[in-house]
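Read through the structure below, which is laid out as structure tokens, and then see the notes.
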Protein chains: 2
Amino acid sequence: MNGKEHVVGKSVKRVDAFEKVTGRAKYTDDLCDKSAYVAKILHSTIAHGTVKSVDTKEAESIPGVVKVVTCFDVPKYYFPTAGHPWSTEPAHQDVADRLLLTDKVRFYGDDVAAVVAENDVAAAQALRAINVEYEELPFVLDVQEAMKEDAPLIHENYPGNILNHTTIRNGNYEEAKKEPGLIKVEGWYDTPTVQHCHIENFICYAYMEQGRIVVVSSTQIPHICRRIVGQALGIPWGDVRVIKPYIGGGFGNKQDILYEPLCAYLSTVVGGRLVKLDNSREETFASTRVRHAIRTHIISYVRPDGSFAARKIECFSDQGAYASHGHGIAAKGMGAFPQLYPCSNVEGDAYTVFTNKSVAGAMRGYGIPQAMFAGESHIDDVAKALGISPYEFRWKYLMPKGYADGFSKNVNYFDTFHQCMEKGKAHIDYDRKVKEYANQTGDVRKGIGVAAFWYNTGVWPISLETSSCRMVLNQDGSIQVQVAETEIGQGADTVFAQMAAETLGIAFEKVHVMTVQDTDITPFGTGAYASRQTYMAGFSIKQTASLLKSHILDTAQDLTRHTKESLDIIDGKIIREGDKEILMSLADLAEEKLYSLTNNGHLTAESTYQAKTNAYSFGCTFAEVEVDILACRAVLKKIVNVHDCGKLINPQLAEAQVHGGMSMGIGYGMSEKLLFDEKTGKPLNDNLLDYKLSTFMDHPELEGDFVENYEPTSAYGTKSLGEPPVCSVAPAIRNAVLQATGVAIDEIPLTPHVLFCRFKEEGLI
Amino acid sequence: MNGKEHVVGKSVKRVDAFEKVTGRAKYTDDLCDKSAYVAKILHSTIAHGTVKSVDTKEAESIPGVVKVVTCFDVPKYYFPTAGHPWSTEPAHQDVADRLLLTDKVRFYGDDVAAVVAENDVAAAQALRAINVEYEELPFVLDVQEAMKEDAPLIHENYPGNILNHTTIRNGNYEEAKKEPGLIKVEGWYDTPTVQHCHIENFICYAYMEQGRIVVVSSTQIPHICRRIVGQALGIPWGDVRVIKPYIGGGFGNKQDILYEPLCAYLSTVVGGRLVKLDNSREETFASTRVRHAIRTHIISYVRPDGSFAARKIECFSDQGAYASHGHGIAAKGMGAFPQLYPCSNVEGDAYTVFTNKSVAGAMRGYGIPQAMFAGESHIDDVAKALGISPYEFRWKYLMPKGYADGFSKNVNYFDTFHQCMEKGKAHIDYDRKVKEYANQTGDVRKGIGVAAFWYNTGVWPISLETSSCRMVLNQDGSIQVQVAETEIGQGADTVFAQMAAETLGIAFEKVHVMTVQDTDITPFGTGAYASRQTYMAGFSIKQTASLLKSHILDTAQDLTRHTKESLDIIDGKIIREGDKEILMSLADLAEEKLYSLTNNGHLTAESTYQAKTNAYSFGCTFAEVEVDILACRAVLKKIVNVHDCGKLINPQLAEAQVHGGMSMGIGYGMSEKLLFDEKTGKPLNDNLLDYKLSTFMDHPELEGDFVENYEPTSAYGTKSLGEPPVCSVAPAIRNAVLQATGVAIDEIPLTPHVLFCRFKEEGLI
């Protein structure tokens with residue numbers, strides 16, 4: 001039997017492995033012309049105020065300085081920055097509150113002026129020579145303070161600094177909580193401001209060509225970038241061309257439009273010359289985007305058997321100074337609350353609140369890591385209050401099989417949570433260890449924590465979900481694949497190639513994915529976010545490959561005189577289905593078709609798939625910690641994530657995703673926090689020395705495991721995995737510390753300082 | 001009436017005008033990475049011989065030298081170099097006689113070894129340090145000598161050094177010439193070896209990416225380049241990617257594959273690192289391609305009324321050392337002979353003969369400038385012999401209206417020749433001046449010459465004619481256009497934009513032609529040659545724009561609820577045909593379609609058009625000269641070309657084409673000739689100081705005029721104009737000298753040296 005060999009499901013080597021390990025892969029800076037002008041931004045040195053004047057005279061006289069522009073020079077087109085699909089309905093559009101430069105500064109690091117110079121040194125000198133006169137305003141750094149009536153108003157149209165407030169009202173919380181015999185469990189859970197810390201800081205360059213603007217950018221969202229640069233400059237979107245090379249990580253920060261519009265504008269004021277804008281690490285921390293710090297208040301009324309009678313949640317999300325992705329993140333986080341542990345009576349309120357701090361935007365997990373820290377910490381608190389094992393509690397009350405969400409139409413098709421939890425339990429030897437660690441009394445104690453998570457895939461039905469694909473057949477039977485879903489380091493190109501090879505019936509090596517995207521020619525799509533790459537691109541890849549296959553088989557019918565319906569493509573050969581006889585190679589067919597003097601043609605296919613589905617991904621984390629109580633130090637000894645992200649296209653890449661996410665989750669839980677000076681609003685640890693990013697040195701062997709339930713809504717049975725691995729790590733660690741010490745710590749990161757305070761409160765030290 | 005405004009036919013500004021005049025347009029060298037290794041070629045210093053050994057030891061020890069490869073190292077895949085569409089039939093394939101480097105050198109300048117170094121200096125030092133030991137062989141530089149039995153054999157399989165010999169046998173020449181009363185006119189006409197002298201020498205660079213070879217090259221034929229690099233390296237063609245930036249002229253030289261295969265190979269031997277190969281002017285002269293020198297022998301038997309009874313032509317074409325475009329050029333030139341002045345009894349023989357000289361390949365006109373020099377000089381000789389005005393002779397006997405060619409199916413649909421000649425005659429005030437110059441006797445005499453030409457469009461039915469196009473609609477109603485026909489300086493991108501705008505009904509400025517071509521994504525097409533760009537691309541542009549328009553109107557039907565059939569696009573707006581009411585802008589339609597939550601789609605269109613037509617272009621040149629007999633100097637005083645290339649898409653660009661061609665024709669007729677040392681075969685004037693390229697200083701005001709007969713086989717009524725302007729210039733000048741002095745000079749260029757010899761022979765001095 002000459003059946004097809006499957007490439008989907010195999011751990012084939014990354015298509016870009018060699019380029020990346022040899023350092024040959026070209027990133028934005030590598031591609032930038034040697035003739036580039038250098039742009040640098042003058043950031044505000046106060047947290048809130050009005051720019052009275054900017055004196056650029058001295059700066060302009062510095063040799064090598066080409067141009068200085070200030071907030072008073074730039075066009076006044078307010079634009080949004082969120083990497084969301086555009087909506088033609090104004091009500092669904094993102095908040096347009098940014099200008100290229102601003103004379104009302106709202107955070108320490110806001111953008112006041114910019115210089116273009118012939119080189120880095122002149123640009124840096126010019127920045128120092130610019131004199132800005134501010135009228136300072138009172139500022140506010142804390143969300144609860146910002147909501148007070150007398151708080152400084154950051155944006156005119158947002159009283160109470162509230163960007164948005166959404167609610168959940170299911171059943172009747174107030175009535176339900178009156179049921180006799182209920183146990184009330186309440187907690188406040190705090191998550192920190194953290195930064196993405198992608199290795200490649202944000203960088204872009206721009207130049208003019210034939211009257212249009214070309215922007216080469218390290219962005220996750222080239223087609224969205226095109227639109228926003230057009231909006232920011234007030235020019236037709238087709239006059240903007242965005243090119244995306246390899247990028248050194250994004251994690252959601254590059255799902256915002258950062259300085260592409262400014263860079264593009266700067267090119268226009270220097271006659272269209274190439275201008276490069278390369279952020280420093282400090283700028284990346286202070287002036288790009290951070291993860292929303294969310295303070296969550298949860299009250300649960302629980303029956304003695306553990307079932308929930310009534311639940312209430314309040315989320316206060318720190319937006320920082322500008323809207324960016326807006327309320328979506330807090331709303332998404334809160335949205336998980338009634339789904340994960342269904343309860344008939346739920347009251348929820350989520351507030352997204354402006355403060356005079358660095359702007360919060362998208363970051364891997366998009367509200368779910370915050371929500372899971374609060375929600376899954378709270379579950380352990382509930383279990384503790386009831387005296388039930390936290391594992392058993394989850395086993396009993398987590399979203400049941402068959403649960404369907406009314407809004408997204410997502411369905412929990414399988415008994416996934418149980419499968420994941422069982423797998424994780426076995427993996428970490430949970431039962432034995434829980435018993436072993438049951439009655440510890442020493443200064444060093446061990447514990448195992450567990451936390452679950454829920455994550456969806458893509459943005460439907462909130463926003464547009466669409467993916468387009470084009471394929472081109474070459475003379476040797478190989479193809480090119482173009483999609484707008486973007487390789488940002490996660491391995492997307494590799495799985496795209498696998499899926500295309502699978503459907504077309506050719507070898508994986510014969511698929512060339514166009515990794516450099518160019519909005520002028522790359523089919524339309526919205527980019528890398530919402531863990532949508534494989535799920536969404538899968539639709540258009542399968543559809544387009546099928547279309548190309550159909551064109552190929554039409555040609556095969558013509559050349560072999562067999563009916564199209566009796567033919568197939570297996571391993572790059574046209575075969576007769578009945579007896580698997582090889583009739584001709586795809587290479588011969590392609591060559592004949594391209595050069596035929598009688599019936600020539602260029603075999604390509606292109607199509608758009610609009611998805612109107614979404615899919616749940618599920619999973620859990622088991623973490624084992626050793627806590628040295630006197631040293632106030634928790635050490636992570638073992639950790640395992642178990643995921644159901646449907647069918648794995650490439651198990652090795654899937655596991656790599658899990659490792660990366662776990663590492664980020666460990667930093668989130670144990671060490672990372674961006675601090676702001678309370679007196680000035682200045683970021684205090686905006687560098688990789690003082691900001692304690694989780695590294696290889698900080699974690700044990702990272703272990704990932706999978707439950708593969710073929711997702712029925714998906715083209716290749718797959719669903720989200722990009723963000724899920726970060727979601728349940730921090731609460732699992734926090735719960736492990738609780739199990740080890742009996743101390744519930746409702747704030748991350750679990751630094752020695754935090755442990756010291758709590759251990760002292762609880763009388764352990 | 002809100003009718004369409006036509007953009008086809010308007011002299012809109014070139015799309016690349018600003019980029020080019022400001023020096024901002026990026027050519028191959030501008031795009032090359034700063035990390036590039038430099039490759040240089042060691043060329044043979046003998047005209048014929050065998051390489052016995054190459055000592056590279058010293059070269060390899062030079063600091064900065066990375067790799068030295070010799071003719072003994074390279075793979076032995078013989079490959080063709082001609083920029084012709086591939087044929088899957090071996091009999092129609094070009095001669096594959098090249099290797100990357102050769103141990104049998106066949107001309108002074110052949111390729112023996114190559115070095116890759118970190119910089120230019122090290123590479124140049126290494127070349128000087130390589131020691132080659134040759135076994136010299138006798139060589140031959142003259143075509144007639146090369147055909148002799150005892151001549152040195154240049155290629156084993158070509159006895160008599162004859163690459164090919166084709167014949168014409170119409171009627172019975174031998175019998176027909178016996179008709180009583182015939183006047184016999186006989187001549188030998190010699191054209192020189194000239195070089196294209198594009199401003200940008202040949203340059204390319206290559207590197208490996210994901211196991212494939214990427215070649216960025218100044219080529220006219222990116223898709224053909226992909227195929228030939230694959231053939232030369234023995235790898236699948238899909239493993240090669242060719243990118244073509246702006247190019248600084250080609251004129252046919254870059255319709256050959258020059259050093260792309262070698263450069264690609266060199267990258268593979270240095271681990272895929274980027275290797276740049278930048279030819280010097282000397283290399284461009286000696287080692288790329290030149291125009292075939294053709295010696296033509298014509299005998300005409302003419303009746304006293306001027307009608308031809310029998311004619312014979314023999315062409316001896318100097319191929320140089322390798323086949324390149326092979327016999328096609330001589331064959332095409334001879335093919336014009338029986339068509340231009342139809343005669344029932346014609347005998348023709350064309351020989352293409354190898355010599356030990358620089359390789360002849362394609363050059364603007366592809367055999368027709370040589371053929372027109374011979375044929376149109378001969379017509380003046382005939383007219384003189386008969387005592388008829390050369391103008392009157394042509395008026396009477398040039399190809400009549402309605403003439404159809406049996407092979408190409410080309411038809412002379414209009415009375416074009418008469419229209420062109422009348423226009424040219426009036427333009428130059430022919431009748432008055434001919435009378436004025438009738439009886440000159442002084443040392444300085446004036447004369448007017450005329451010559452006609454014939455040229456076809458594209459290569460059908462000899463080879464494949466195909467063009468593919470893709471269009472992408474943007475949110476603002478603008479589009480991108482991708483075709484494989486290439487901008488090589490002639491303005492192709494501009495007329496492509498005009499044609500697309502015309503058919504789609506949008507503004508010219510809203511069409512963005514993708515000038516940088518990339519074989520991975522640019523739809524298949526064969527490139528810039530055979531004056532096929534506008535004619536061939538026109539088909540696929542019209543077809544694809546119609547397809548895109550159809551998609552747009554489907555969407556318009558959906559959005560406006562009017563039937564598609566009642567709608568049209570005018571000036572970027574969807575209108576109702578009945579009352580020309582504007583229903584919506586194309587921008588609004590595009591935006592709605594791209595972002596629709598109900599029926600989203602990415603509007604693109606792609607299609608291939610295989611042309612099975614060809615089209616005659618016609619025209620003539622009138623030249624006025626002043627000859628200083630004692631100084632042996634002819635000065636061109638006035639010149640006008642009149643062309644019928646069908647409808648002009650862009651009159652200003654058309655005229656620019658004519659000016660460029662005339663300048664090249666003037667150099668061909670008056671000053672240019674590449675000389676070879678008879679003792680060594682070494683090119684003697686391989687630089688722009690000693691080679692007398694025609695420049696602005698050498699010619700009078702260049703004047704072009706047009707007859708616009710809408711070509712019925714053409715998508716936009718247009719046909720070839722790229723090559724025609726060079727075709728009839730030299731014979732017109734030669735005939736003007738004949739009219740001025742009575743001396744027929746059958747050899748170009750008409751240098752003082754040639755004039756001196758002929759004037760002396762004729763007793764004028």
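Every chain in the structure tokens has a letter given in the order shown (A, B, ...), and although residue numbers restart at 1 in each chain, ligands are simply numbered from 1 in the order shown.
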For chain A, work out the contacting residues on chain B at 8 Å, counting only C-alpha atoms, and write them as a PyMOL selection string.
chain B and resi 15-16+18-19+31+33-34+85-88+209-210+236-238+463-464+466+468+472+474-480+520-521+523-524+591-592+595-597+599-602+607-610
Among stretch 175-359 of chain A, which residues does DSSP mark as helix (DSSP H, G or I) when it is run on the backbone? Keep the chain and numbering as in the structure and answer as an NGL selection string.
:A and (175-176 or 222-233 or 237-239 or 253-255 or 260-269 or 281-287 or 328-340)
Limited to N, CA and C atoms, could you put the picked residues into a file as a short mmCIF file (atom, residue, chain, number, x, y, z; two decimals), in the first residue's frame?
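So the final result, stored in out36.cif, reads:
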```cif
data_model
loop_
_atom_site.label_atom_id
_atom_site.label_comp_id
_atom_site.auth_asym_id
_atom_site.auth_seq_id
_atom_site.Cartn_x
_atom_site.Cartn_y
_atom_site.Cartn_z
N GLU A 175 -29.43 37.40 46.19
CA GLU A 175 -30.37 36.44 46.76
C GLU A 175 -29.69 35.11 47.10
N ALA A 176 -28.89 34.66 46.14
CA ALA A 176 -28.31 33.33 46.26
C ALA A 176 -27.39 33.19 47.46
N PRO A 222 1.70 43.00 10.40
CA PRO A 222 2.03 43.90 9.28
C PRO A 222 0.82 44.58 8.63
N HIS A 223 -0.25 43.83 8.38
CA HIS A 223 -1.38 44.47 7.70
C HIS A 223 -2.07 45.50 8.60
N ILE A 224 -2.09 45.25 9.90
CA ILE A 224 -2.68 46.22 10.81
C ILE A 224 -1.78 47.45 10.91
N CYS A 225 -0.49 47.21 10.87
CA CYS A 225 0.47 48.31 10.92
C CYS A 225 0.26 49.24 9.73
N ARG A 226 0.02 48.65 8.55
CA ARG A 226 -0.25 49.46 7.37
C ARG A 226 -1.42 50.41 7.64
N ARG A 227 -2.47 49.85 8.17
CA ARG A 227 -3.67 50.65 8.42
C ARG A 227 -3.39 51.78 9.41
N ILE A 228 -2.71 51.45 10.50
CA ILE A 228 -2.52 52.46 11.55
C ILE A 228 -1.53 53.54 11.14
N VAL A 229 -0.50 53.17 10.39
CA VAL A 229 0.41 54.21 9.89
C VAL A 229 -0.38 55.16 8.98
N GLY A 230 -1.25 54.59 8.17
CA GLY A 230 -2.10 55.43 7.31
C GLY A 230 -2.97 56.37 8.14
N GLN A 231 -3.57 55.83 9.19
CA GLN A 231 -4.42 56.65 10.05
C GLN A 231 -3.63 57.74 10.74
N ALA A 232 -2.46 57.38 11.24
CA ALA A 232 -1.66 58.33 12.03
C ALA A 232 -1.13 59.47 11.16
N LEU A 233 -0.85 59.16 9.89
CA LEU A 233 -0.30 60.19 9.02
C LEU A 233 -1.39 60.85 8.17
N TRP A 237 -4.43 54.28 3.11
CA TRP A 237 -3.72 53.11 3.63
C TRP A 237 -2.89 52.40 2.55
N GLY A 238 -3.34 52.50 1.35
CA GLY A 238 -2.59 51.89 0.24
C GLY A 238 -1.28 52.61 -0.04
N ASP A 239 -1.11 53.79 0.54
CA ASP A 239 0.15 54.51 0.38
C ASP A 239 1.19 54.07 1.39
N ASN A 253 3.73 42.58 22.72
CA ASN A 253 4.15 43.98 22.70
C ASN A 253 4.15 44.48 21.26
N LYS A 254 4.55 43.61 20.36
CA LYS A 254 4.59 43.99 18.95
C LYS A 254 3.27 43.68 18.26
N GLN A 255 2.25 43.42 19.09
CA GLN A 255 0.89 43.41 18.57
C GLN A 255 0.27 44.78 18.79
N GLU A 260 6.11 52.80 14.65
CA GLU A 260 6.09 52.80 13.19
C GLU A 260 5.53 54.10 12.63
N PRO A 261 4.43 54.62 13.18
CA PRO A 261 3.90 55.87 12.61
C PRO A 261 4.89 57.03 12.75
N LEU A 262 5.52 57.14 13.91
CA LEU A 262 6.46 58.23 14.11
C LEU A 262 7.64 58.11 13.16
N CYS A 263 8.15 56.90 13.03
CA CYS A 263 9.29 56.68 12.15
C CYS A 263 8.91 57.03 10.70
N ALA A 264 7.73 56.60 10.29
CA ALA A 264 7.26 56.91 8.94
C ALA A 264 7.16 58.43 8.75
N TYR A 265 6.59 59.08 9.76
CA TYR A 265 6.46 60.53 9.68
C TYR A 265 7.83 61.20 9.57
N LEU A 266 8.77 60.73 10.35
CA LEU A 266 10.11 61.34 10.33
C LEU A 266 10.74 61.21 8.96
N SER A 267 10.48 60.09 8.29
CA SER A 267 11.01 59.96 6.94
C SER A 267 10.41 61.03 6.02
N THR A 268 9.13 61.30 6.21
CA THR A 268 8.51 62.30 5.32
C THR A 268 9.07 63.70 5.54
N VAL A 269 9.59 63.98 6.74
CA VAL A 269 10.11 65.33 6.96
C VAL A 269 11.59 65.46 6.60
N ARG A 281 16.63 49.21 25.49
CA ARG A 281 15.90 48.36 26.44
C ARG A 281 15.09 49.23 27.41
N GLU A 282 15.68 50.35 27.82
CA GLU A 282 14.98 51.24 28.74
C GLU A 282 13.70 51.77 28.10
N GLU A 283 13.79 52.13 26.84
CA GLU A 283 12.58 52.60 26.16
C GLU A 283 11.56 51.48 26.03
N THR A 284 12.06 50.28 25.75
CA THR A 284 11.14 49.16 25.62
C THR A 284 10.36 48.98 26.92
N PHE A 285 11.04 49.08 28.04
CA PHE A 285 10.35 48.95 29.33
C PHE A 285 9.37 50.09 29.57
N ALA A 286 9.84 51.31 29.40
CA ALA A 286 9.06 52.44 29.86
C ALA A 286 8.04 52.92 28.84
N SER A 287 8.40 52.85 27.56
CA SER A 287 7.61 53.58 26.57
C SER A 287 6.93 52.70 25.53
N GLY A 328 -10.29 45.24 26.60
CA GLY A 328 -10.40 43.85 26.16
C GLY A 328 -9.74 42.86 27.10
N ILE A 329 -8.64 43.28 27.67
CA ILE A 329 -7.85 42.36 28.47
C ILE A 329 -8.53 42.05 29.80
N ALA A 330 -8.98 43.10 30.47
CA ALA A 330 -9.70 42.88 31.74
C ALA A 330 -11.00 42.11 31.47
N ALA A 331 -11.66 42.47 30.39
CA ALA A 331 -12.93 41.82 30.06
C ALA A 331 -12.72 40.34 29.78
N LYS A 332 -11.66 40.05 29.06
CA LYS A 332 -11.40 38.65 28.76
C LYS A 332 -11.09 37.87 30.03
N GLY A 333 -10.27 38.48 30.88
CA GLY A 333 -9.93 37.82 32.13
C GLY A 333 -11.18 37.53 32.95
N MET A 334 -12.02 38.53 33.08
CA MET A 334 -13.24 38.32 33.87
C MET A 334 -14.14 37.28 33.20
N GLY A 335 -14.11 37.26 31.87
CA GLY A 335 -14.96 36.31 31.13
C GLY A 335 -14.66 34.86 31.45
N ALA A 336 -13.44 34.59 31.90
CA ALA A 336 -13.09 33.21 32.23
C ALA A 336 -13.76 32.76 33.52
N PHE A 337 -14.05 33.73 34.37
CA PHE A 337 -14.52 33.44 35.73
C PHE A 337 -15.78 32.57 35.76
N PRO A 338 -16.86 32.96 35.07
CA PRO A 338 -18.06 32.13 35.16
C PRO A 338 -17.98 30.84 34.34
N GLN A 339 -17.00 30.74 33.47
CA GLN A 339 -16.93 29.57 32.61
C GLN A 339 -16.17 28.41 33.25
N LEU A 340 -15.10 28.76 33.98
CA LEU A 340 -14.19 27.71 34.45
C LEU A 340 -14.85 26.86 35.53
#
```
Near A:Ile183, within 12 Å and counting only C-alpha atoms, which residues show up once chain neighbours fewer than 2 positions away are dropped, as a PyMOL selection string?
chain A and resi 177-181+185-186+299-311+381-387
Writing out the chosen residues with N, CA and C atoms as an mmCIF file, in the first residue's frame:
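Once everything was written out, this is out_17.cif:
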```
data_model
loop_
_atom_site.group_PDB
_atom_site.id
_atom_site.type_symbol
_atom_site.label_atom_id
_atom_site.label_comp_id
_atom_site.auth_asym_id
_atom_site.auth_seq_id
_atom_site.Cartn_x
_atom_site.Cartn_y
_atom_site.Cartn_z
ATOM 1 N N LYS A 177 -26.717 34.291 47.773
ATOM 2 C CA LYS A 177 -25.745 34.198 48.862
ATOM 3 C C LYS A 177 -26.422 34.050 50.225
ATOM 4 N N LYS A 178 -27.747 34.258 50.215
ATOM 5 C CA LYS A 178 -28.483 34.139 51.482
ATOM 6 C C LYS A 178 -28.818 32.687 51.835
ATOM 7 N N GLU A 179 -28.574 31.779 50.907
ATOM 8 C CA GLU A 179 -28.855 30.361 51.160
ATOM 9 C C GLU A 179 -28.178 29.943 52.468
ATOM 10 N N PRO A 180 -28.897 29.259 53.320
ATOM 11 C CA PRO A 180 -28.328 28.907 54.622
ATOM 12 C C PRO A 180 -27.192 27.894 54.496
ATOM 13 N N GLY A 181 -26.240 28.007 55.401
ATOM 14 C CA GLY A 181 -25.172 27.013 55.501
ATOM 15 C C GLY A 181 -24.000 27.273 54.569
ATOM 16 N N VAL A 185 -15.927 32.658 51.199
ATOM 17 C CA VAL A 185 -14.481 32.769 51.032
ATOM 18 C C VAL A 185 -14.216 34.038 50.217
ATOM 19 N N GLU A 186 -13.317 34.870 50.703
ATOM 20 C CA GLU A 186 -13.072 36.156 50.044
ATOM 21 C C GLU A 186 -11.584 36.396 49.912
ATOM 22 N N ILE A 299 -15.363 36.939 45.857
ATOM 23 C CA ILE A 299 -16.110 36.383 46.994
ATOM 24 C C ILE A 299 -16.860 35.156 46.494
ATOM 25 N N SER A 300 -16.681 34.053 47.174
ATOM 26 C CA SER A 300 -17.428 32.842 46.810
ATOM 27 C C SER A 300 -18.269 32.388 48.003
ATOM 28 N N TYR A 301 -19.498 32.072 47.725
ATOM 29 C CA TYR A 301 -20.345 31.423 48.725
ATOM 30 C C TYR A 301 -20.448 29.965 48.329
ATOM 31 N N VAL A 302 -19.935 29.106 49.172
ATOM 32 C CA VAL A 302 -19.779 27.693 48.825
ATOM 33 C C VAL A 302 -20.593 26.834 49.786
ATOM 34 N N ARG A 303 -21.181 25.838 49.200
ATOM 35 C CA ARG A 303 -21.865 24.865 50.057
ATOM 36 C C ARG A 303 -20.806 23.922 50.638
ATOM 37 N N PRO A 304 -21.131 23.236 51.718
ATOM 38 C CA PRO A 304 -20.124 22.358 52.339
ATOM 39 C C PRO A 304 -19.598 21.277 51.390
ATOM 40 N N ASP A 305 -20.387 20.893 50.377
ATOM 41 C CA ASP A 305 -19.883 19.885 49.428
ATOM 42 C C ASP A 305 -18.980 20.512 48.366
ATOM 43 N N GLY A 306 -18.801 21.819 48.459
ATOM 44 C CA GLY A 306 -17.916 22.478 47.511
ATOM 45 C C GLY A 306 -18.621 23.155 46.360
ATOM 46 N N SER A 307 -19.865 22.896 46.170
ATOM 47 C CA SER A 307 -20.550 23.535 45.038
ATOM 48 C C SER A 307 -20.770 25.007 45.347
ATOM 49 N N PHE A 308 -20.705 25.812 44.264
ATOM 50 C CA PHE A 308 -20.838 27.247 44.439
ATOM 51 C C PHE A 308 -22.298 27.667 44.417
ATOM 52 N N ALA A 309 -22.672 28.455 45.397
ATOM 53 C CA ALA A 309 -24.035 29.002 45.407
ATOM 54 C C ALA A 309 -24.051 30.368 44.740
ATOM 55 N N ALA A 310 -23.031 31.163 45.032
ATOM 56 C CA ALA A 310 -22.985 32.508 44.480
ATOM 57 C C ALA A 310 -21.534 32.977 44.456
ATOM 58 N N ARG A 311 -21.223 33.739 43.411
ATOM 59 C CA ARG A 311 -19.844 34.223 43.302
ATOM 60 C C ARG A 311 -19.837 35.652 42.791
ATOM 61 N N ASP A 381 -7.956 28.596 48.052
ATOM 62 C CA ASP A 381 -8.443 29.178 49.305
ATOM 63 C C ASP A 381 -9.785 28.553 49.693
ATOM 64 N N VAL A 382 -10.621 28.344 48.684
ATOM 65 C CA VAL A 382 -11.927 27.713 48.921
ATOM 66 C C VAL A 382 -11.733 26.284 49.435
ATOM 67 N N ALA A 383 -10.860 25.545 48.733
ATOM 68 C CA ALA A 383 -10.619 24.148 49.115
ATOM 69 C C ALA A 383 -10.098 24.076 50.550
ATOM 70 N N LYS A 384 -9.205 25.037 50.849
ATOM 71 C CA LYS A 384 -8.654 25.067 52.195
ATOM 72 C C LYS A 384 -9.758 25.338 53.222
ATOM 73 N N ALA A 385 -10.611 26.309 52.898
ATOM 74 C CA ALA A 385 -11.700 26.648 53.814
ATOM 75 C C ALA A 385 -12.617 25.453 54.051
ATOM 76 N N LEU A 386 -12.785 24.638 52.980
ATOM 77 C CA LEU A 386 -13.663 23.473 53.082
ATOM 78 C C LEU A 386 -12.946 22.245 53.619
ATOM 79 N N GLY A 387 -11.603 22.336 53.630
ATOM 80 C CA GLY A 387 -10.837 21.169 54.061
ATOM 81 C C GLY A 387 -10.827 20.065 53.017
#
```
Among stretch 567-758 of chain B, which ones does DSSP assign to strand (DSSP E) (computed from the backbone)? Answer as a ChimeraX atom specification.
/B:567-570,573-576,581-585,604-610,617-628,633-644,702-706
At a cut-off of 9 Å, using only C-alpha atoms, what residues contact B:Ala500? Leave out same-chain residues fewer than 6 positions from it and give the result as an MDAnalysis selection string.
chainID B and resid 481 506 508 511 538 541:542 544:545
Show me, as a list of chain:residue names, the residues that have an atom within 8 Å of stretch 425-438 of chain A when counting only C-alpha atoms, minus same-chain residues fewer than 2 positions from it.
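Contacts, in chain order: A:Met421, A:Glu422, A:Lys423, A:Gln440, A:Arg445, A:Lys446, A:Gly447, A:Ile448, A:Phe622, A:Lys638, A:Ile639, A:Val640, A:Ala740.
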Which neighbours of A:Lys57 fall inside 9 Å, counting only C-alpha atoms, when residues of the same chain fewer than 6 positions from it are skipped, and could you give them as a list in words?
Ala129, Ile130 and Asn131 of chain A
Could you please determine the separation between atom CA of B:His418 and atom CA of B:Tyr391 in Å, to one decimal place?
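Atom CA of B:His418 sits 10.5 Å away from atom CA of B:Tyr391.
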Which residue out of A:Arg289, A:Ile213, A:Val743, A:Lys244 has the minimum interatomic distance to A:Gly763 when only C-alpha atoms are used?
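Checking each of A:Arg289, A:Ile213, A:Val743, A:Lys244 against A:Gly763, counting only C-alpha atoms, the winner is A:Val743.
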Atomic separation - atom CA of A:Val38 relative to atom CA of A:Val115, Å
8.1 Å
